[in-house]
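Contents: one structure, followed by commentary.
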Amino acid sequence: MLLLAAAFLVAFVLLLYMVSPLISPKPLALPGAHVVVTGGSSGIGKCIAIECYKQGAFITLVARNEDKLLQAKKEIEKHSINDKQVVLCISVDVSQDYSQVENVIKQAQEKLGPVDMLVNCAGMSLSGKFEDLEVSTFEVKPYNVYVTVAYPPDTDTPGFAEENKTKPLETRLISETTSVCKPEQVAKQIVKDAIQGNFNSSIGSDGYMLSSLTCGMAPVTSITEGLQQVVTMGLFRTIALFYLGSFDSIVRRCMMQRARSEIADKTA
């Protein structure tokens, strides 16, 4: 009976493996594709634009600072692989009037054709204690459109440098348990996952583990991916418990250190 059950399981896994390519999205061919990158004048956004340009894409950069846009354009154009490629710069604040954003996207499509990939990198992380943040901080397949959600780790960008200025001690110490990634490395992985139609894009073993643990009701690109999540969930949860224990220890130490400092200040 046990042998029969094992044989059935193996047959089921093989069937899923064979069916998986049939339901996976068709990879996007970047040569000649029109890629729009918001926040493309620096950081991960600029590196994603460079990576796509290296593979033959046409690029529309959208950002607020016109000088930074022109500087980024010159840097991206150094990676051209043919004479037909174009880098279009549009200076606009995507957090303001939506009609203005809609107009500039229409302009980009008139010049470079329909948008094949939209990369949203505009914005930055606001670090701080939850109770200190303002309410305004939290504002928030039928058409063959696929979404890729990227979970970039700490990355050496201007935004990360700004984030560190207000990062609480606990958060900073937890962040230091892993190394800071290069934006080029992060951009390469995001582009790879996006053109393959993957819903999740993560960097490194920690990123893969976290994306699997938090997948919940998220869609899967293939049956194989779903099967991997089911099989590894228990192991990853066990590893995560050790991570959580370490993080809790850091928070407790910081709390005790803060309490001692407050006592010392009162007695001084």
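Letters A, B, ... mark the chains of the structure tokens in the order given; residue numbers begin at 1 per chain; ligand numbers begin at 1, in order shown.
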
Residues near Ile59 of chain A, cut-off 9 Å, only C-alpha atoms, skip fewer than 3 positions along chain, as a list in words:
Ala33, His34, Val35, Val36, Val37, Ala49, Ile50, Cys52, Tyr53, Gln85, Val86, Val87, Leu88, Cys89 and Leu112 of chain A

Written file, previous selection with N, CA and C atoms, as a PDB file, in the first residue's frame:
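Output file result_37.pdb follows:
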```
ATOM      1  N   ALA A  33      11.876  45.839 -27.496  1.00  0.00           N
ATOM      2  CA  ALA A  33      10.758  46.093 -26.582  1.00  0.00           C
ATOM      3  C   ALA A  33      10.865  47.499 -26.002  1.00  0.00           C
ATOM      4  N   HIS A  34       9.720  48.051 -25.614  1.00  0.00           N
ATOM      5  CA  HIS A  34       9.669  49.388 -25.005  1.00  0.00           C
ATOM      6  C   HIS A  34       9.525  49.229 -23.494  1.00  0.00           C
ATOM      7  N   VAL A  35      10.540  49.648 -22.758  1.00  0.00           N
ATOM      8  CA  VAL A  35      10.563  49.519 -21.303  1.00  0.00           C
ATOM      9  C   VAL A  35      10.493  50.911 -20.677  1.00  0.00           C
ATOM     10  N   VAL A  36       9.488  51.141 -19.832  1.00  0.00           N
ATOM     11  CA  VAL A  36       9.339  52.403 -19.117  1.00  0.00           C
ATOM     12  C   VAL A  36       9.777  52.199 -17.670  1.00  0.00           C
ATOM     13  N   VAL A  37      10.695  53.041 -17.208  1.00  0.00           N
ATOM     14  CA  VAL A  37      11.222  52.923 -15.847  1.00  0.00           C
ATOM     15  C   VAL A  37      10.964  54.223 -15.095  1.00  0.00           C
ATOM     16  N   ALA A  49      17.266  49.885 -16.139  1.00  0.00           N
ATOM     17  CA  ALA A  49      17.250  50.469 -17.483  1.00  0.00           C
ATOM     18  C   ALA A  49      18.503  50.063 -18.265  1.00  0.00           C
ATOM     19  N   ILE A  50      19.644  50.096 -17.597  1.00  0.00           N
ATOM     20  CA  ILE A  50      20.900  49.699 -18.246  1.00  0.00           C
ATOM     21  C   ILE A  50      20.849  48.230 -18.656  1.00  0.00           C
ATOM     22  N   CYS A  52      18.231  46.343 -19.289  1.00  0.00           N
ATOM     23  CA  CYS A  52      17.308  46.161 -20.414  1.00  0.00           C
ATOM     24  C   CYS A  52      17.907  46.697 -21.707  1.00  0.00           C
ATOM     25  N   TYR A  53      18.622  47.830 -21.609  1.00  0.00           N
ATOM     26  CA  TYR A  53      19.253  48.437 -22.791  1.00  0.00           C
ATOM     27  C   TYR A  53      20.344  47.529 -23.347  1.00  0.00           C
ATOM     28  N   GLN A  85      18.534  51.842 -31.108  1.00  0.00           N
ATOM     29  CA  GLN A  85      18.046  52.003 -29.733  1.00  0.00           C
ATOM     30  C   GLN A  85      17.934  53.469 -29.334  1.00  0.00           C
ATOM     31  N   VAL A  86      16.914  53.748 -28.503  1.00  0.00           N
ATOM     32  CA  VAL A  86      16.628  55.118 -28.081  1.00  0.00           C
ATOM     33  C   VAL A  86      16.400  55.142 -26.575  1.00  0.00           C
ATOM     34  N   VAL A  87      16.892  56.210 -25.936  1.00  0.00           N
ATOM     35  CA  VAL A  87      16.593  56.473 -24.527  1.00  0.00           C
ATOM     36  C   VAL A  87      15.834  57.792 -24.465  1.00  0.00           C
ATOM     37  N   LEU A  88      14.574  57.726 -24.045  1.00  0.00           N
ATOM     38  CA  LEU A  88      13.722  58.907 -23.951  1.00  0.00           C
ATOM     39  C   LEU A  88      13.601  59.332 -22.488  1.00  0.00           C
ATOM     40  N   CYS A  89      13.814  60.620 -22.230  1.00  0.00           N
ATOM     41  CA  CYS A  89      13.736  61.138 -20.851  1.00  0.00           C
ATOM     42  C   CYS A  89      12.484  62.001 -20.677  1.00  0.00           C
ATOM     43  N   LEU A 112       7.902  55.631 -29.107  1.00  0.00           N
ATOM     44  CA  LEU A 112       8.607  54.349 -29.040  1.00  0.00           C
ATOM     45  C   LEU A 112       7.689  53.134 -29.123  1.00  0.00           C
TER      46      LEU A 112
END
```

I need the residues in segment 8-252 of chain A that are helix (DSSP H, G or I) according to DSSP; give them as number ranges by chain.
A: 8-23, 43-54, 66-77, 98-112, 130-132, 135-138, 158-164, 169-175, 183-196, 204-213, 223-252

From the set A:Met233, A:Ala259, A:Val149, A:Ala240, which residue has the shortest atom-to-atom contact distance to Asp206 of chain A, counting only C-alpha atoms?
A:Ala240

Residue nearest Leu70 of chain A among A:Asn120, A:Thr157, A:Ser41, A:Gln96 (counting only C-alpha atoms)
A:Ser41

Pick from A:Met117, A:Val186, A:Val94, A:Leu244 nearest to Leu30 of chain A, counting only C-alpha atoms
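Looking at the shortest contact to Leu30 of chain A, the residue is A:Met117.
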
Can you check which residues of segment 70-197 of chain A DSSP gives as strand (DSSP E or B) on the backbone and send them as number ranges by chain?
A: 87-91, 117-120, 149-151, 155, 181

In Å, rounded to a single decimal, give me how far atom CA of Gly207 of chain A is from atom CA of Val147 of chain A.
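Rounded to one decimal, the two atoms are 18.1 Å apart.
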
d(atom CA of Gln228 of chain A, atom CA of Ser212 of chain A) in Å
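Rounded to one decimal, the two atoms are 8.6 Å apart.
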
Please provide as number ranges by chain all residues within 9 Å of Val191 of chain A, with the sequence filter that same-chain residues fewer than 6 positions apart are discarded (counting only C-alpha atoms).
A: 48, 51-52, 201

Using N, CA, C and O atoms, can you export the residues from the last selection as a PDB file, in the first residue's frame?
```
ATOM      1  N   ILE A  48      18.283  48.873 -13.757  1.00  0.00           N
ATOM      2  CA  ILE A  48      17.348  48.055 -14.535  1.00  0.00           C
ATOM      3  C   ILE A  48      17.287  48.571 -15.975  1.00  0.00           C
ATOM      4  O   ILE A  48      17.269  47.783 -16.934  1.00  0.00           O
ATOM      5  N   GLU A  51      20.353  47.378 -17.758  1.00  0.00           N
ATOM      6  CA  GLU A  51      20.281  45.939 -18.037  1.00  0.00           C
ATOM      7  C   GLU A  51      19.370  45.658 -19.224  1.00  0.00           C
ATOM      8  O   GLU A  51      19.685  44.843 -20.092  1.00  0.00           O
ATOM      9  N   CYS A  52      18.231  46.343 -19.289  1.00  0.00           N
ATOM     10  CA  CYS A  52      17.308  46.161 -20.414  1.00  0.00           C
ATOM     11  C   CYS A  52      17.907  46.697 -21.707  1.00  0.00           C
ATOM     12  O   CYS A  52      17.739  46.097 -22.784  1.00  0.00           O
ATOM     13  N   SER A 201      10.123  38.216  -7.403  1.00  0.00           N
ATOM     14  CA  SER A 201      11.524  38.379  -7.751  1.00  0.00           C
ATOM     15  C   SER A 201      12.304  38.629  -6.467  1.00  0.00           C
ATOM     16  O   SER A 201      12.080  39.622  -5.775  1.00  0.00           O
TER      17      SER A 201
END
```

Just to confirm, what's the straight-line distance from atom CA of Gly40 of chain A to atom CA of Cys121 of chain A in Å (one decimal)?
6.9 Å

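With only C-alpha atoms as the atoms that count, the residue of A:Gln229, A:Thr221, A:Ser175, A:Thr238 with the shortest distance to Tyr146 of chain A is A:Thr221.
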
For Ala108 of chain A, the closest of A:Cys47, A:Ala72, A:Leu61, A:Ile203 counting only C-alpha atoms is A:Leu61

Long-range neighbours of Thr38 of chain A as number ranges by chain, 10 Å cut-off, only C-alpha atoms, 4 positions minimum in chain
A: 45-46, 49, 60-64, 90-94, 118-123

Closest of A:Lys192, A:Arg237, A:His79, A:Lys84 to Ser211 of chain A - atom-to-atom distances counting only C-alpha atoms:
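Comparing A:Lys192, A:Arg237, A:His79, A:Lys84 against Ser211 of chain A, the winner is A:Arg237.
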